[in-house]
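**Student:** First, the structure itself, so that you have it in front of you.
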Amino acid sequence: MRSDRGQSAPLGLKIAAVAGLLFLHLPIALIFVYAFTTEEKSYQWPPPGFTLKWLGVTWERPDVWEALTLSVQVATISTLVALVLGTLCAAAVSRSRFFGRETLSLLVILPIALPGIITGIALRSAFNLADIRFSFWTIVLGHATFCVVVVYNNAVARFRRTSGSLIEASMDLGADGFQTFRYVILPNIATALLAGGMLAFALSFDEVIVTTFTAGQQATLPIWMLEELVRPRQRPVTNVVAMVVVVVTFAPILGAYYLTRDGDQIAGAGK
């Protein structure tokens, strides 16, 4: 029986794949190009020249640093909240049998399936009804709604790939619940939690729609970029910031990919 592993893909399929990748990534490449252009007011092609001065200009802009600091703080706290709640939900759904379990799982996933504007309007209405003033913490709560989903999906998949015999063996050897979690469960789900946390951080860092509805006078980095595009002062500065956002979000996504790519085996299977 001849194996198909060594067969090459058809030429048409290769061309289609390359065209698809170019369609997705060429606009991102333009961000990097215009971050170094000498033209300040408009986007010309080809650029009239290249310069590094906009890196220095961006570095000296206090409004950029304020927006960047706020985005990092919001993303960090939202990720921590998501790690706790997402892990607990995943443990309950994957390790317990109770009425409404599938409904609970659907409700946890629902916020990321809904359009961001729906989530934003719902949260804004809820905060108004509860007389909660829009602040840093309302942004965190808004971001946590979809960050929980990312952690939950990663954690529940890893829980289901972890054999229950490991937990039973731990209990048989006299370990209590905390010891079993610390020495058996956590090592098996740690990479999934780390990957979920990385993805949650990346999503929170560049979120704009939900932030628009839950922020007060604060401006996260994506909100700052949107305002700069509407009322531009120095267009290349916006592209420099966009370039930083691409780098910051690409790193955790790449890390999450490498952490979870070999997670298809069931830990403890057959033991």
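Identifiers in this document derive from the order of the structure tokens: chains are assigned A, B, ..., residues are numbered from 1 separately in each chain, and ligands are numbered from 1 in order of occurrence.
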For the interface of region 65-124 of chain A with region 143-151 of chain A (cut-off 12 Å, counting only C-alpha atoms), please tabulate each contacting residue of region 65-124 of chain A alongside its nearest pair of atoms and their separation in Å to one decimal, rows sorted by chain and increasing number, as JSON lines.
**Tutor:**
```
{"residue": "A:Ser71", "atom": "CA", "partner": "A:His143", "partner_atom": "CA", "distance": 10.9}
{"residue": "A:Gln73", "atom": "CA", "partner": "A:His143", "partner_atom": "CA", "distance": 11.7}
{"residue": "A:Val74", "atom": "CA", "partner": "A:His143", "partner_atom": "CA", "distance": 8.0}
{"residue": "A:Ala75", "atom": "CA", "partner": "A:His143", "partner_atom": "CA", "distance": 7.7}
{"residue": "A:Thr76", "atom": "CA", "partner": "A:Ala144", "partner_atom": "CA", "distance": 10.3}
{"residue": "A:Ile77", "atom": "CA", "partner": "A:Ala144", "partner_atom": "CA", "distance": 8.5}
{"residue": "A:Ser78", "atom": "CA", "partner": "A:Ala144", "partner_atom": "CA", "distance": 4.9}
{"residue": "A:Thr79", "atom": "CA", "partner": "A:Cys147", "partner_atom": "CA", "distance": 6.4}
{"residue": "A:Leu80", "atom": "CA", "partner": "A:Ala144", "partner_atom": "CA", "distance": 8.9}
{"residue": "A:Val81", "atom": "CA", "partner": "A:Ala144", "partner_atom": "CA", "distance": 6.6}
{"residue": "A:Ala82", "atom": "CA", "partner": "A:Val148", "partner_atom": "CA", "distance": 4.2}
{"residue": "A:Leu83", "atom": "CA", "partner": "A:Val151", "partner_atom": "CA", "distance": 6.0}
{"residue": "A:Val84", "atom": "CA", "partner": "A:Val148", "partner_atom": "CA", "distance": 8.5}
{"residue": "A:Leu85", "atom": "CA", "partner": "A:Val148", "partner_atom": "CA", "distance": 6.5}
{"residue": "A:Gly86", "atom": "CA", "partner": "A:Val148", "partner_atom": "CA", "distance": 5.0}
{"residue": "A:Thr87", "atom": "CA", "partner": "A:Val151", "partner_atom": "CA", "distance": 6.9}
{"residue": "A:Leu88", "atom": "CA", "partner": "A:Val151", "partner_atom": "CA", "distance": 10.2}
{"residue": "A:Cys89", "atom": "CA", "partner": "A:Val148", "partner_atom": "CA", "distance": 9.2}
{"residue": "A:Ala90", "atom": "CA", "partner": "A:Val151", "partner_atom": "CA", "distance": 8.6}
{"residue": "A:Ala91", "atom": "CA", "partner": "A:Val151", "partner_atom": "CA", "distance": 11.6}
{"residue": "A:Ser105", "atom": "CA", "partner": "A:Val149", "partner_atom": "CA", "distance": 9.7}
{"residue": "A:Leu106", "atom": "CA", "partner": "A:Val149", "partner_atom": "CA", "distance": 10.2}
{"residue": "A:Leu107", "atom": "CA", "partner": "A:Val149", "partner_atom": "CA", "distance": 9.7}
{"residue": "A:Val108", "atom": "CA", "partner": "A:Val149", "partner_atom": "CA", "distance": 6.3}
{"residue": "A:Ile109", "atom": "CA", "partner": "A:Val149", "partner_atom": "CA", "distance": 5.4}
{"residue": "A:Leu110", "atom": "CA", "partner": "A:Val149", "partner_atom": "CA", "distance": 8.2}
{"residue": "A:Pro111", "atom": "CA", "partner": "A:Phe146", "partner_atom": "CA", "distance": 5.7}
{"residue": "A:Ile112", "atom": "CA", "partner": "A:Phe146", "partner_atom": "CA", "distance": 5.2}
{"residue": "A:Ala113", "atom": "CA", "partner": "A:Phe146", "partner_atom": "CA", "distance": 9.0}
{"residue": "A:Leu114", "atom": "CA", "partner": "A:Phe146", "partner_atom": "CA", "distance": 9.8}
{"residue": "A:Pro115", "atom": "CA", "partner": "A:Phe146", "partner_atom": "CA", "distance": 11.0}
{"residue": "A:Gly116", "atom": "CA", "partner": "A:Phe146", "partner_atom": "CA", "distance": 9.4}
{"residue": "A:Thr119", "atom": "CA", "partner": "A:Thr145", "partner_atom": "CA", "distance": 8.7}
{"residue": "A:Gly120", "atom": "CA", "partner": "A:His143", "partner_atom": "CA", "distance": 9.8}
{"residue": "A:Ala122", "atom": "CA", "partner": "A:Thr145", "partner_atom": "CA", "distance": 11.5}
{"residue": "A:Leu123", "atom": "CA", "partner": "A:Thr145", "partner_atom": "CA", "distance": 9.7}
```
**Student:** Residues within 10 Å of Val248 (chain A), please, as a list in words. Count only C-alpha atoms; anything in the same chain fewer than 5 positions from it doesn't count.
**Tutor:**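 These residues fall inside the cut-off: Phe201, Ala202, Phe205, Asp206, Ala242, Met243 and Ile253 of chain A.
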**Student:** Pick out the closest residue to Leu30 (chain A) from this set: A:Val247, A:Val18, A:Gln218, A:Pro46. Count only C-alpha atoms.
**Tutor:**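 Of A:Val247, A:Val18, A:Gln218, A:Pro46, the one nearest Leu30 (chain A), counting only C-alpha atoms, is A:Pro46.
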**Student:** In Å, with one decimal, what is the gap from CA of Lys53 (chain A) to CA of Phe36 (chain A)?
**Tutor:**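 One can read the CA of Lys53 (chain A) to CA of Phe36 (chain A) distance as 7.8 Å.
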**Student:** Within 9 Å of Gly255 (chain A), counting only C-alpha atoms, which residues qualify if same-chain residues fewer than 6 places away don't, as a PyMOL selection string?
**Tutor:** chain A and resi 194-195+198-199
**Student:** Can you write just those residues out, N, CA and C atoms, as a tab-separated table (two decimals), in the first residue's frame?
**Tutor:**
```tsv
chain	number	residue	atom	x	y	z
A	194	LEU	N	-1.11	28.21	30.64
A	194	LEU	CA	-0.18	29.23	30.18
A	194	LEU	C	-0.55	29.70	28.77
A	195	ALA	N	-0.89	28.75	27.91
A	195	ALA	CA	-1.30	29.10	26.55
A	195	ALA	C	-2.59	29.92	26.56
A	198	MET	N	-1.82	33.40	27.72
A	198	MET	CA	-1.16	34.19	26.67
A	198	MET	C	-2.17	34.71	25.65
A	199	LEU	N	-3.07	33.82	25.22
A	199	LEU	CA	-4.08	34.24	24.25
A	199	LEU	C	-5.03	35.27	24.85
```
**Student:** Using only C-alpha atoms, determine which residues lie at most 9 Å from Thr238 (chain A), disregarding the query and same-chain residues fewer than 2 positions distant; provide the list as a JSON list (two decimals) with N, CA and C atoms, in the first residue's frame.
**Tutor:**
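The resulting file, selection27.json, is reproduced below:
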```json
[["chain", "number", "residue", "atom", "x", "y", "z"],
["A", 35, "ALA", "N", 5.60, 53.02, 9.10],
["A", 35, "ALA", "CA", 6.15, 53.45, 10.38],
["A", 35, "ALA", "C", 7.50, 54.15, 10.20],
["A", 58, "THR", "N", 7.76, 58.84, 18.89],
["A", 58, "THR", "CA", 6.80, 58.01, 19.62],
["A", 58, "THR", "C", 7.27, 57.79, 21.05],
["A", 224, "TRP", "N", -6.65, 54.73, 21.75],
["A", 224, "TRP", "CA", -5.78, 55.84, 21.35],
["A", 224, "TRP", "C", -5.51, 55.80, 19.85],
["A", 225, "MET", "N", -5.24, 54.63, 19.30],
["A", 225, "MET", "CA", -4.97, 54.51, 17.87],
["A", 225, "MET", "C", -6.19, 54.90, 17.05],
["A", 228, "GLU", "N", -6.48, 58.61, 17.02],
["A", 228, "GLU", "CA", -5.44, 59.20, 16.18],
["A", 228, "GLU", "C", -5.77, 59.06, 14.70],
["A", 229, "LEU", "N", -6.43, 57.98, 14.33],
["A", 229, "LEU", "CA", -6.81, 57.80, 12.92],
["A", 229, "LEU", "C", -7.93, 58.76, 12.53],
["A", 232, "PRO", "N", -5.87, 62.73, 13.08],
["A", 232, "PRO", "CA", -4.42, 62.45, 13.09],
["A", 232, "PRO", "C", -3.58, 63.70, 13.34],
["A", 234, "GLN", "N", 0.21, 62.99, 13.81],
["A", 234, "GLN", "CA", 1.41, 62.49, 13.14],
["A", 234, "GLN", "C", 1.14, 61.04, 12.74],
["A", 235, "ARG", "N", 0.78, 60.83, 11.49],
["A", 235, "ARG", "CA", 0.36, 59.49, 11.03],
["A", 235, "ARG", "C", 1.43, 58.42, 11.25],
["A", 236, "PRO", "N", 2.71, 58.69, 11.00],
["A", 236, "PRO", "CA", 3.71, 57.63, 11.23],
["A", 236, "PRO", "C", 3.77, 57.15, 12.68],
["A", 240, "VAL", "N", 3.82, 53.36, 14.08],
["A", 240, "VAL", "CA", 4.82, 52.83, 15.00],
["A", 240, "VAL", "C", 4.13, 52.10, 16.15],
["A", 241, "VAL", "N", 3.08, 52.73, 16.70],
["A", 241, "VAL", "CA", 2.33, 52.10, 17.79],
["A", 241, "VAL", "C", 1.67, 50.82, 17.30],
["A", 242, "ALA", "N", 1.10, 50.85, 16.09],
["A", 242, "ALA", "CA", 0.48, 49.65, 15.53],
["A", 242, "ALA", "C", 1.51, 48.53, 15.37],
["A", 243, "MET", "N", 2.72, 48.90, 14.97],
["A", 243, "MET", "CA", 3.79, 47.92, 14.83],
["A", 243, "MET", "C", 4.11, 47.27, 16.18]]
```
**Student:** Based on DSSP run over this structure's backbone, return all residues of region 18-95 of chain A in alpha helix (DSSP H), as a ChimeraX atom specification.
**Tutor:** /A:18-34,53-59,62-95
